[in-house]
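Undergrad: If it helps, the file is called upload37.cif and holds mmCIF, C-alpha atoms:
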```cif
data_structure
#
loop_
_atom_site.group_PDB
_atom_site.id
_atom_site.type_symbol
_atom_site.label_atom_id
_atom_site.label_comp_id
_atom_site.auth_asym_id
_atom_site.auth_seq_id
_atom_site.Cartn_x
_atom_site.Cartn_y
_atom_site.Cartn_z
ATOM 1 C CA MET W 12 54.631 75.825 114.807
ATOM 2 C CA LEU W 13 53.194 79.081 113.487
ATOM 3 C CA ALA W 14 50.747 79.251 116.392
ATOM 4 C CA ALA W 15 53.597 78.715 118.851
ATOM 5 C CA ALA W 16 55.631 81.479 117.206
ATOM 6 C CA GLU W 17 52.662 83.839 117.264
ATOM 7 C CA ALA W 18 52.296 83.384 121.013
ATOM 8 C CA GLY W 19 55.845 84.615 121.601
ATOM 9 C CA PRO W 20 57.245 88.153 121.581
ATOM 10 C CA LEU W 21 57.579 89.285 117.936
ATOM 11 C CA ASP W 22 58.732 92.525 116.397
ATOM 12 C CA ASP W 23 56.939 94.008 113.370
ATOM 13 C CA LEU W 24 59.110 92.224 110.806
ATOM 14 C CA GLN W 25 58.793 88.866 112.542
ATOM 15 C CA ARG W 26 55.031 89.236 112.710
ATOM 16 C CA ALA W 27 54.891 90.162 109.038
ATOM 17 C CA ARG W 28 57.012 87.129 108.171
ATOM 18 C CA LEU W 29 54.684 84.941 110.220
ATOM 19 C CA GLU W 30 51.699 86.141 108.183
ATOM 20 C CA TRP W 31 53.661 85.466 104.998
ATOM 21 C CA LEU W 32 54.423 81.905 106.094
ATOM 22 C CA ARG W 33 50.795 81.306 107.012
ATOM 23 C CA ALA W 34 49.674 82.514 103.590
ATOM 24 C CA ARG W 35 52.230 80.275 101.861
ATOM 25 C CA LEU W 36 50.986 77.300 103.853
ATOM 26 C CA VAL W 37 47.387 77.953 102.778
ATOM 27 C CA PHE W 38 48.438 78.013 99.126
ATOM 28 C CA ALA W 39 50.587 74.870 99.447
ATOM 29 C CA GLN W 40 47.710 72.933 100.980
ATOM 30 C CA VAL W 41 44.715 74.174 99.007
ATOM 31 C CA ARG W 42 45.604 76.481 96.038
ATOM 32 C CA GLY W 43 42.156 78.041 96.440
ATOM 33 C CA SER W 44 40.548 81.450 96.442
ATOM 34 C CA GLU W 45 41.795 82.477 99.894
ATOM 35 C CA ALA W 46 45.534 82.400 99.170
ATOM 36 C CA PRO W 47 45.890 85.441 96.830
ATOM 37 C CA GLY W 48 44.398 87.834 99.355
ATOM 38 C CA LEU W 49 46.462 86.452 102.225
ATOM 39 C CA LEU W 50 49.678 86.708 100.217
ATOM 40 C CA LEU W 51 48.860 90.218 99.026
ATOM 41 C CA ASP W 52 48.110 91.340 102.593
ATOM 42 C CA ALA W 53 51.426 89.846 103.708
ATOM 43 C CA ALA W 54 53.231 91.695 100.905
ATOM 44 C CA HIS W 55 51.683 95.010 101.955
ATOM 45 C CA ARG W 56 52.726 94.368 105.545
ATOM 46 C CA LEU W 57 56.277 93.502 104.507
ATOM 47 C CA ALA W 58 56.700 96.411 102.070
ATOM 48 C CA PRO W 59 57.917 99.061 104.562
ATOM 49 C CA LEU W 60 60.003 96.525 106.494
ATOM 50 C CA ALA W 61 61.664 94.304 103.882
ATOM 51 C CA ALA W 62 61.165 95.442 100.294
ATOM 52 C CA ALA W 63 62.844 92.443 98.634
ATOM 53 C CA LEU W 64 60.795 89.964 100.644
ATOM 54 C CA ALA W 65 57.651 91.923 99.833
ATOM 55 C CA ARG W 66 58.394 91.551 96.114
ATOM 56 C CA ASP W 67 59.027 87.822 96.591
ATOM 57 C CA THR W 68 55.613 87.588 98.224
ATOM 58 C CA LEU W 69 54.001 89.546 95.392
ATOM 59 C CA LEU W 70 55.333 86.988 92.905
ATOM 60 C CA GLU W 71 53.776 84.224 94.984
ATOM 61 C CA ALA W 72 50.536 86.202 95.089
ATOM 62 C CA VAL W 73 50.533 86.437 91.282
ATOM 63 C CA GLY W 74 50.912 82.655 91.059
ATOM 64 C CA ALA W 75 48.159 82.087 93.605
ATOM 65 C CA ALA W 76 45.824 84.483 91.769
ATOM 66 C CA ILE W 77 46.433 82.596 88.507
ATOM 67 C CA PHE W 78 45.405 79.358 90.218
ATOM 68 C CA ALA W 79 42.290 80.952 91.743
ATOM 69 C CA GLY W 80 41.342 82.411 88.362
ATOM 70 C CA ARG W 81 37.633 82.966 87.820
ATOM 71 C CA LEU W 82 36.805 81.811 91.364
ATOM 72 C CA SER W 83 39.024 84.267 93.196
ATOM 73 C CA ALA W 84 37.246 85.522 96.314
ATOM 74 C CA GLY W 85 39.652 88.441 96.603
ATOM 75 C CA PRO W 86 42.230 90.020 94.336
ATOM 76 C CA GLY W 87 42.582 88.491 90.883
ATOM 77 C CA PRO W 88 45.729 88.434 88.716
ATOM 78 C CA ARG W 89 45.221 91.999 87.514
ATOM 79 C CA GLU W 90 44.758 93.420 91.012
ATOM 80 C CA VAL W 91 47.899 91.636 92.225
ATOM 81 C CA ALA W 92 49.839 92.765 89.142
ATOM 82 C CA GLU W 93 48.788 96.366 89.754
ATOM 83 C CA ALA W 94 49.885 96.055 93.380
ATOM 84 C CA ALA W 95 53.257 94.789 92.171
ATOM 85 C CA ARG W 96 53.690 97.832 89.934
ATOM 86 C CA ALA W 97 52.717 100.164 92.734
ATOM 87 C CA GLY W 98 54.788 98.348 95.358
ATOM 88 C CA PRO W 99 58.449 98.479 96.345
ATOM 89 C CA SER W 100 61.002 99.119 93.597
ATOM 90 C CA PRO W 101 63.215 96.229 92.462
ATOM 91 C CA SER W 102 66.735 95.796 93.768
ATOM 92 C CA THR W 103 69.713 97.286 91.929
ATOM 93 C CA PRO W 104 70.718 95.330 89.944
ATOM 94 C CA PRO W 105 67.369 93.540 89.717
ATOM 95 C CA ARG W 106 67.211 89.965 90.967
ATOM 96 C CA MET W 107 65.729 87.118 88.956
ATOM 97 C CA VAL W 108 62.546 87.400 91.038
ATOM 98 C CA ASP W 109 62.317 91.119 90.259
ATOM 99 C CA VAL W 110 62.617 90.524 86.522
ATOM 100 C CA LEU W 111 60.032 87.746 86.638
ATOM 101 C CA LEU W 112 57.579 89.720 88.778
ATOM 102 C CA ASP W 113 57.742 92.819 86.575
ATOM 103 C CA SER W 114 57.353 90.795 83.377
ATOM 104 C CA MET W 115 54.392 88.862 84.782
ATOM 105 C CA ALA W 116 52.750 92.136 85.805
ATOM 106 C CA GLY W 117 53.355 93.500 82.314
ATOM 107 C CA ARG W 118 51.838 90.441 80.635
ATOM 108 C CA ILE W 119 48.729 90.589 82.810
ATOM 109 C CA ILE W 120 48.155 94.361 82.670
ATOM 110 C CA ASP W 121 49.401 95.255 79.182
ATOM 111 C CA GLY W 122 48.482 92.084 77.305
ATOM 112 C CA TYR W 123 50.407 89.487 75.342
ATOM 113 C CA ALA W 124 51.618 91.633 72.427
ATOM 114 C CA VAL W 125 53.213 94.203 74.728
ATOM 115 C CA GLY W 126 54.368 91.875 77.492
ATOM 116 C CA ALA W 127 55.693 88.825 75.639
ATOM 117 C CA ASP W 128 59.247 90.050 75.027
ATOM 118 C CA ALA W 129 59.838 90.937 78.669
ATOM 119 C CA LEU W 130 58.390 87.575 79.683
ATOM 120 C CA ARG W 131 60.830 85.802 77.335
ATOM 121 C CA ARG W 132 63.761 87.652 78.911
ATOM 122 C CA ALA W 133 62.561 86.649 82.378
ATOM 123 C CA LEU W 134 62.227 83.033 81.301
ATOM 124 C CA HIS W 135 65.775 83.152 79.957
ATOM 125 C CA ALA W 136 67.006 84.491 83.316
ATOM 126 C CA VAL W 137 65.339 81.611 85.180
ATOM 127 C CA ARG W 138 66.841 79.051 82.790
ATOM 128 C CA GLN W 139 70.296 80.566 83.228
ATOM 129 C CA ALA W 140 69.984 80.458 87.005
ATOM 130 C CA GLN W 141 68.930 76.820 86.900
ATOM 131 C CA ARG W 142 71.741 75.838 84.524
ATOM 132 C CA SER W 143 74.327 77.540 86.706
ATOM 133 C CA GLY W 144 73.400 75.264 89.601
ATOM 134 C CA ALA W 145 72.363 78.320 91.591
ATOM 135 C CA ARG W 146 74.231 78.962 94.809
ATOM 136 C CA ASP W 147 72.403 78.220 98.043
ATOM 137 C CA ALA W 148 71.626 81.923 98.422
ATOM 138 C CA ASP W 149 70.006 81.982 94.980
ATOM 139 C CA ARG W 150 68.155 78.687 95.240
ATOM 140 C CA ARG W 151 65.294 80.244 97.159
ATOM 141 C CA TRP W 152 64.648 82.434 94.112
ATOM 142 C CA LEU W 153 64.319 79.310 91.981
ATOM 143 C CA TRP W 154 61.687 77.990 94.393
ATOM 144 C CA LEU W 155 59.753 81.221 93.898
ATOM 145 C CA ALA W 156 60.188 81.101 90.121
ATOM 146 C CA PHE W 157 58.888 77.550 89.891
ATOM 147 C CA ARG W 158 55.495 78.765 91.148
ATOM 148 C CA VAL W 159 54.941 80.306 87.698
ATOM 149 C CA THR W 160 57.596 78.658 85.547
ATOM 150 C CA PRO W 161 57.667 76.340 83.681
ATOM 151 C CA GLU W 162 53.884 76.615 83.668
ATOM 152 C CA PRO W 163 52.161 78.882 82.808
ATOM 153 C CA VAL W 164 54.995 81.142 81.615
ATOM 154 C CA ALA W 165 56.893 78.793 79.264
ATOM 155 C CA SER W 166 53.716 77.265 77.881
ATOM 156 C CA GLU W 167 52.099 80.703 77.551
ATOM 157 C CA LEU W 168 55.043 81.615 75.297
ATOM 158 C CA TRP W 169 54.754 78.272 73.435
ATOM 159 C CA ASP W 170 58.388 77.604 74.366
ATOM 160 C CA ASP W 171 58.501 73.811 74.594
ATOM 161 C CA ASP W 172 62.265 73.634 75.183
ATOM 162 C CA ALA W 173 62.043 75.940 78.197
ATOM 163 C CA TRP W 174 58.994 74.099 79.512
ATOM 164 C CA HIS W 175 60.801 70.745 79.423
ATOM 165 C CA GLU W 176 64.084 72.061 80.814
ATOM 166 C CA LEU W 177 62.505 73.944 83.695
ATOM 167 C CA ALA W 178 60.077 71.151 84.583
ATOM 168 C CA VAL W 179 62.809 68.504 84.722
ATOM 169 C CA GLY W 180 65.034 70.896 86.669
ATOM 170 C CA ALA W 181 62.266 71.676 89.156
ATOM 171 C CA VAL W 182 61.635 67.979 89.748
ATOM 172 C CA GLY W 183 65.340 67.346 90.329
ATOM 173 C CA LEU W 184 65.743 70.263 92.698
ATOM 174 C CA ALA W 185 62.609 69.371 94.659
ATOM 175 C CA ARG W 186 63.637 65.718 94.957
ATOM 176 C CA ALA W 187 67.114 66.647 96.177
ATOM 177 C CA ALA W 188 65.694 68.992 98.803
ATOM 178 C CA GLY W 189 62.764 66.770 99.816
ATOM 179 C CA ALA W 190 60.425 69.709 99.126
ATOM 180 C CA LEU W 191 57.055 67.994 99.344
ATOM 181 C CA ALA W 192 55.107 71.211 98.809
ATOM 182 C CA VAL W 193 56.805 71.821 95.460
ATOM 183 C CA LEU W 194 57.480 68.327 94.097
ATOM 184 C CA PRO W 195 53.863 67.419 93.155
ATOM 185 C CA MET W 196 53.535 70.681 91.224
ATOM 186 C CA ALA W 197 56.854 70.085 89.435
ATOM 187 C CA LEU W 198 55.890 66.495 88.603
ATOM 188 C CA THR W 199 52.571 67.705 87.211
ATOM 189 C CA TYR W 200 54.285 70.234 84.964
ATOM 190 C CA GLN W 201 56.629 67.556 83.651
ATOM 191 C CA ALA W 202 53.713 65.145 83.174
ATOM 192 C CA CYS W 203 51.838 67.717 81.115
ATOM 193 C CA PHE W 204 54.836 68.164 78.845
ATOM 194 C CA GLN W 205 55.224 64.387 78.403
ATOM 195 C CA LEU W 206 51.529 64.159 77.616
ATOM 196 C CA LEU W 207 51.823 66.687 74.794
ATOM 197 C CA THR W 208 54.721 64.723 73.297
ATOM 198 C CA GLY W 209 52.510 61.624 73.210
ATOM 199 C CA GLU W 210 54.241 59.825 76.099
ATOM 200 C CA PHE W 211 51.004 58.940 77.867
ATOM 201 C CA GLY W 212 52.452 56.143 79.980
ATOM 202 C CA THR W 213 55.233 58.363 81.341
ATOM 203 C CA ALA W 214 52.719 61.110 82.047
ATOM 204 C CA ALA W 215 50.454 58.695 83.940
ATOM 205 C CA THR W 216 53.359 57.479 86.086
ATOM 206 C CA LEU W 217 54.327 61.061 87.001
ATOM 207 C CA ILE W 218 50.698 61.869 87.822
ATOM 208 C CA ASP W 219 50.444 58.863 90.146
ATOM 209 C CA GLU W 220 53.600 59.910 91.994
ATOM 210 C CA ALA W 221 52.438 63.516 92.345
ATOM 211 C CA THR W 222 49.061 62.383 93.670
ATOM 212 C CA ALA W 223 50.612 60.009 96.214
ATOM 213 C CA ILE W 224 52.953 62.719 97.522
ATOM 214 C CA SER W 225 50.166 65.303 97.801
ATOM 215 C CA GLU W 226 47.960 62.931 99.746
ATOM 216 C CA ALA W 227 50.801 61.858 102.052
ATOM 217 C CA ALA W 228 51.709 65.484 102.746
ATOM 218 C CA GLY W 229 48.119 66.471 103.524
ATOM 219 C CA GLY W 230 47.562 68.558 100.395
ATOM 220 C CA VAL W 231 45.118 68.269 97.519
ATOM 221 C CA PRO W 232 46.292 66.571 94.292
ATOM 222 C CA MET W 233 46.774 68.629 91.148
ATOM 223 C CA MET W 234 44.368 67.087 88.635
ATOM 224 C CA TYR W 235 45.402 69.166 85.605
ATOM 225 C CA THR W 236 47.171 66.515 83.610
ATOM 226 C CA SER W 237 44.770 63.744 84.598
ATOM 227 C CA LEU W 238 41.870 65.634 83.001
ATOM 228 C CA VAL W 239 43.703 66.193 79.741
ATOM 229 C CA LEU W 240 45.123 62.661 79.657
ATOM 230 C CA GLY W 241 41.624 61.180 79.822
ATOM 231 C CA ALA W 242 40.542 63.444 76.965
ATOM 232 C CA TRP W 243 43.500 62.461 74.763
ATOM 233 C CA TRP W 244 42.834 58.800 75.443
ATOM 234 C CA GLY W 245 39.254 59.332 74.224
ATOM 235 C CA GLN W 246 37.750 57.378 77.111
ATOM 236 C CA GLU W 247 34.465 59.249 77.217
ATOM 237 C CA SER W 248 32.748 57.886 80.317
ATOM 238 C CA GLN W 249 35.913 57.767 82.450
ATOM 239 C CA ALA W 250 37.056 61.206 81.279
ATOM 240 C CA LEU W 251 33.681 62.860 81.893
ATOM 241 C CA ASP W 252 33.360 61.269 85.340
ATOM 242 C CA LEU W 253 36.796 62.621 86.314
ATOM 243 C CA ILE W 254 36.019 66.041 84.850
ATOM 244 C CA GLU W 255 32.726 66.249 86.752
ATOM 245 C CA THR W 256 34.225 65.083 90.050
ATOM 246 C CA THR W 257 37.227 67.393 89.757
ATOM 247 C CA SER W 258 35.053 70.370 88.804
ATOM 248 C CA GLU W 259 32.970 69.919 91.955
ATOM 249 C CA GLU W 260 36.071 69.668 94.137
ATOM 250 C CA VAL W 261 37.888 72.687 92.707
ATOM 251 C CA ARG W 262 34.752 74.814 92.732
ATOM 252 C CA ALA W 263 34.333 74.072 96.440
ATOM 253 C CA ARG W 264 37.845 75.264 97.271
ATOM 254 C CA GLY W 265 38.006 78.120 94.749
ATOM 255 C CA GLU W 266 40.603 76.808 92.289
ATOM 256 C CA GLY W 267 39.152 78.451 89.211
ATOM 257 C CA ARG W 268 41.957 77.673 86.797
ATOM 258 C CA SER W 269 41.033 74.005 87.036
ATOM 259 C CA LEU W 270 37.509 74.859 85.871
ATOM 260 C CA GLY W 271 39.004 76.397 82.751
ATOM 261 C CA LEU W 272 41.109 73.297 82.236
ATOM 262 C CA ALA W 273 38.095 71.011 82.773
ATOM 263 C CA ALA W 274 36.164 72.868 80.065
ATOM 264 C CA TYR W 275 39.182 72.697 77.731
ATOM 265 C CA ALA W 276 39.555 68.951 78.365
ATOM 266 C CA THR W 277 35.853 68.465 77.613
ATOM 267 C CA ALA W 278 36.204 70.345 74.317
ATOM 268 C CA LEU W 279 39.287 68.300 73.427
ATOM 269 C CA LEU W 280 37.439 65.058 74.193
ATOM 270 C CA TYR W 281 34.352 65.937 72.144
ATOM 271 C CA ASN W 282 36.360 67.232 69.190
ATOM 272 C CA GLY W 283 38.212 63.924 69.148
ATOM 273 C CA LEU W 284 34.897 62.041 69.188
ATOM 274 C CA GLY W 285 33.411 64.176 66.409
ATOM 275 C CA ARG W 286 30.728 65.720 68.654
ATOM 276 C CA TYR W 287 31.393 69.270 67.571
ATOM 277 C CA ASP W 288 28.354 71.050 69.041
ATOM 278 C CA ALA W 289 29.250 69.730 72.506
ATOM 279 C CA ALA W 290 32.905 70.613 71.917
ATOM 280 C CA LEU W 291 31.964 74.161 70.921
ATOM 281 C CA ALA W 292 29.873 74.651 74.061
ATOM 282 C CA ALA W 293 32.725 73.424 76.271
ATOM 283 C CA ALA W 294 35.319 75.540 74.451
ATOM 284 C CA ASN W 295 33.149 78.628 74.913
ATOM 285 C CA ARG W 296 33.053 77.930 78.660
ATOM 286 C CA ALA W 297 36.826 77.593 78.737
ATOM 287 C CA CYS W 298 37.273 80.919 76.923
ATOM 288 C CA GLN W 299 35.027 82.922 79.250
ATOM 289 C CA TYR W 300 38.085 83.686 81.381
ATOM 290 C CA GLU W 301 41.631 84.235 80.139
ATOM 291 C CA ASP W 302 43.507 81.636 82.185
ATOM 292 C CA LEU W 303 47.157 81.897 81.188
ATOM 293 C CA ARG W 304 48.187 79.019 78.895
ATOM 294 C CA ILE W 305 44.774 77.294 79.045
ATOM 295 C CA TYR W 306 43.093 80.097 77.101
ATOM 296 C CA GLY W 307 45.338 79.691 74.056
ATOM 297 C CA SER W 308 44.786 75.934 73.923
ATOM 298 C CA ALA W 309 41.029 76.373 74.371
ATOM 299 C CA LEU W 310 40.909 78.809 71.453
ATOM 300 C CA ALA W 311 42.340 76.117 69.185
ATOM 301 C CA GLU W 312 39.602 73.695 70.247
ATOM 302 C CA LEU W 313 36.960 76.403 69.780
ATOM 303 C CA ILE W 314 38.124 77.079 66.225
ATOM 304 C CA GLU W 315 38.092 73.394 65.315
ATOM 305 C CA ALA W 316 34.665 72.790 66.853
ATOM 306 C CA ALA W 317 33.105 75.905 65.296
ATOM 307 C CA ALA W 318 34.459 75.086 61.838
ATOM 308 C CA HIS W 319 33.053 71.548 61.946
ATOM 309 C CA ALA W 320 29.774 72.706 63.493
ATOM 310 C CA GLY W 321 29.141 75.146 60.646
ATOM 311 C CA GLN W 322 29.690 78.276 62.750
ATOM 312 C CA PRO W 323 32.832 79.818 61.208
ATOM 313 C CA ALA W 324 32.015 83.306 62.521
#
```
Step by step, read the file and then write its structure as structure tokens.

TA:
Amino acid sequence: MLAAAEAGPLDDLQRARLEWLRARLVFAQVRGSEAPGLLLDAAHRLAPLAAALARDTLLEAVGAAIFAGRLSAGPGPREVAEAARAGPSPSTPPRMVDVLLDSMAGRIIDGYAVGADALRRALHAVRQAQRSGARDADRRWLWLAFRVTPEPVASELWDDDAWHELAVGAVGLARAAGALAVLPMALTYQACFQLLTGEFGTAATLIDEATAISEAAGGVPMMYTSLVLGAWWGQESQALDLIETTSEEVRARGEGRSLGLAAYATALLYNGLGRYDAALAAANRACQYEDLRIYGSALAELIEAAAHAGQPA
């Protein structure tokens, strides 16, 4: 459909929107290293033509850059955040997307201590919009917000209530709309929350559904929760096989955040098995790049492993 549209007569705004849609499609299908650059290019093209849409696209670019992480072939989170600060000004009054974009940029550029309060206010705005049953005109903003909330934003702030509320809400909204590009991601976020509350069976069921939908829709499954679930179960051979297979797959497509999660899951597994030297090595790999949310969890595993391994420094 995009190719057919491109063949027709298009004005500058229509052509810019076409590039934006193509970039979104790449991210929905792959979540790899190519998407951040495509989305950022689309945002630059939209900026002089449709400032609000350009800012929407910048928020998507931030989310894509977080997924690409250490394997980004183009702009990383900081480069996209700097482009957001230098880009079009927010609307007056600012929309939910504007508040979220500016707070994400602040967290990435200025660090956690400076950016956390603004990020909390943005998270509150998203929760309020979801609770209000957002009007049709506002619902598109919720779709954009769900790219970065409930995960990593809510979990980065260690706000379990927001994580659960936003994940369940995202699943409900995606189911009602039949949004197959969003539903697997929402299910994965909910599964991760259920996993951390010890509801392993519920988490596994949500993972299976998300995987089936991704495969049916022609996308790649999100393996985040599967990796961590295997580690919590303590099934060494099965967990390590899945971690190795997933690491090869995500490295090939440039989804660097999953490499951070794989290293964290390995550290979690080995700490649970009392193999602290191996856990420490894995935790160090996870902490080589500051993946939002994963980094904080990996630090906890690093501390535990180092203490048991006799390396308190």

Undergrad: Give the answer as one residue: which of W:Ala190, W:Leu13, W:Ala72, W:Ala79 has the shortest atom-to-atom distance to Arg262 of chain W, using all atoms listed in the file?

TA: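 Counting all atoms listed in the file, the residue closest to Arg262 of chain W is W:Ala79.
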
Undergrad: Would you translate the PyMOL selection byres ((chain W and resi 54) around 10) into the concrete set of residues it matches in this file, as number ranges by chain?

TA: W: 27-28, 30-31, 48-53, 55-59, 61-72, 94-95, 98-99

Undergrad: Any idea what's packed within 8 Å of Ile224 of chain W, counting all atoms listed in the file, ignoring anything in its chain fewer than 3 positions away? Could you give it as a PyMOL selection string?

TA: chain W and resi 191+194-195+220-221+227-228

Undergrad: Excluding Gln299 of chain W and residues on its chain fewer than 6 positions from it, collect all residues at most 10 Å away from it, counting only C-alpha atoms, and give them as a list in words.

TA: Arg81, Gly271 and Tyr306 of chain W

Undergrad: Counting only C-alpha atoms, figure out which residue out of W:Pro47, W:Gly183, W:Gly117, W:Gly267 gets nearest to Pro86 of chain W.

TA: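 When distances to Pro86 of chain W are compared using only C-alpha atoms, the smallest one comes from W:Pro47.
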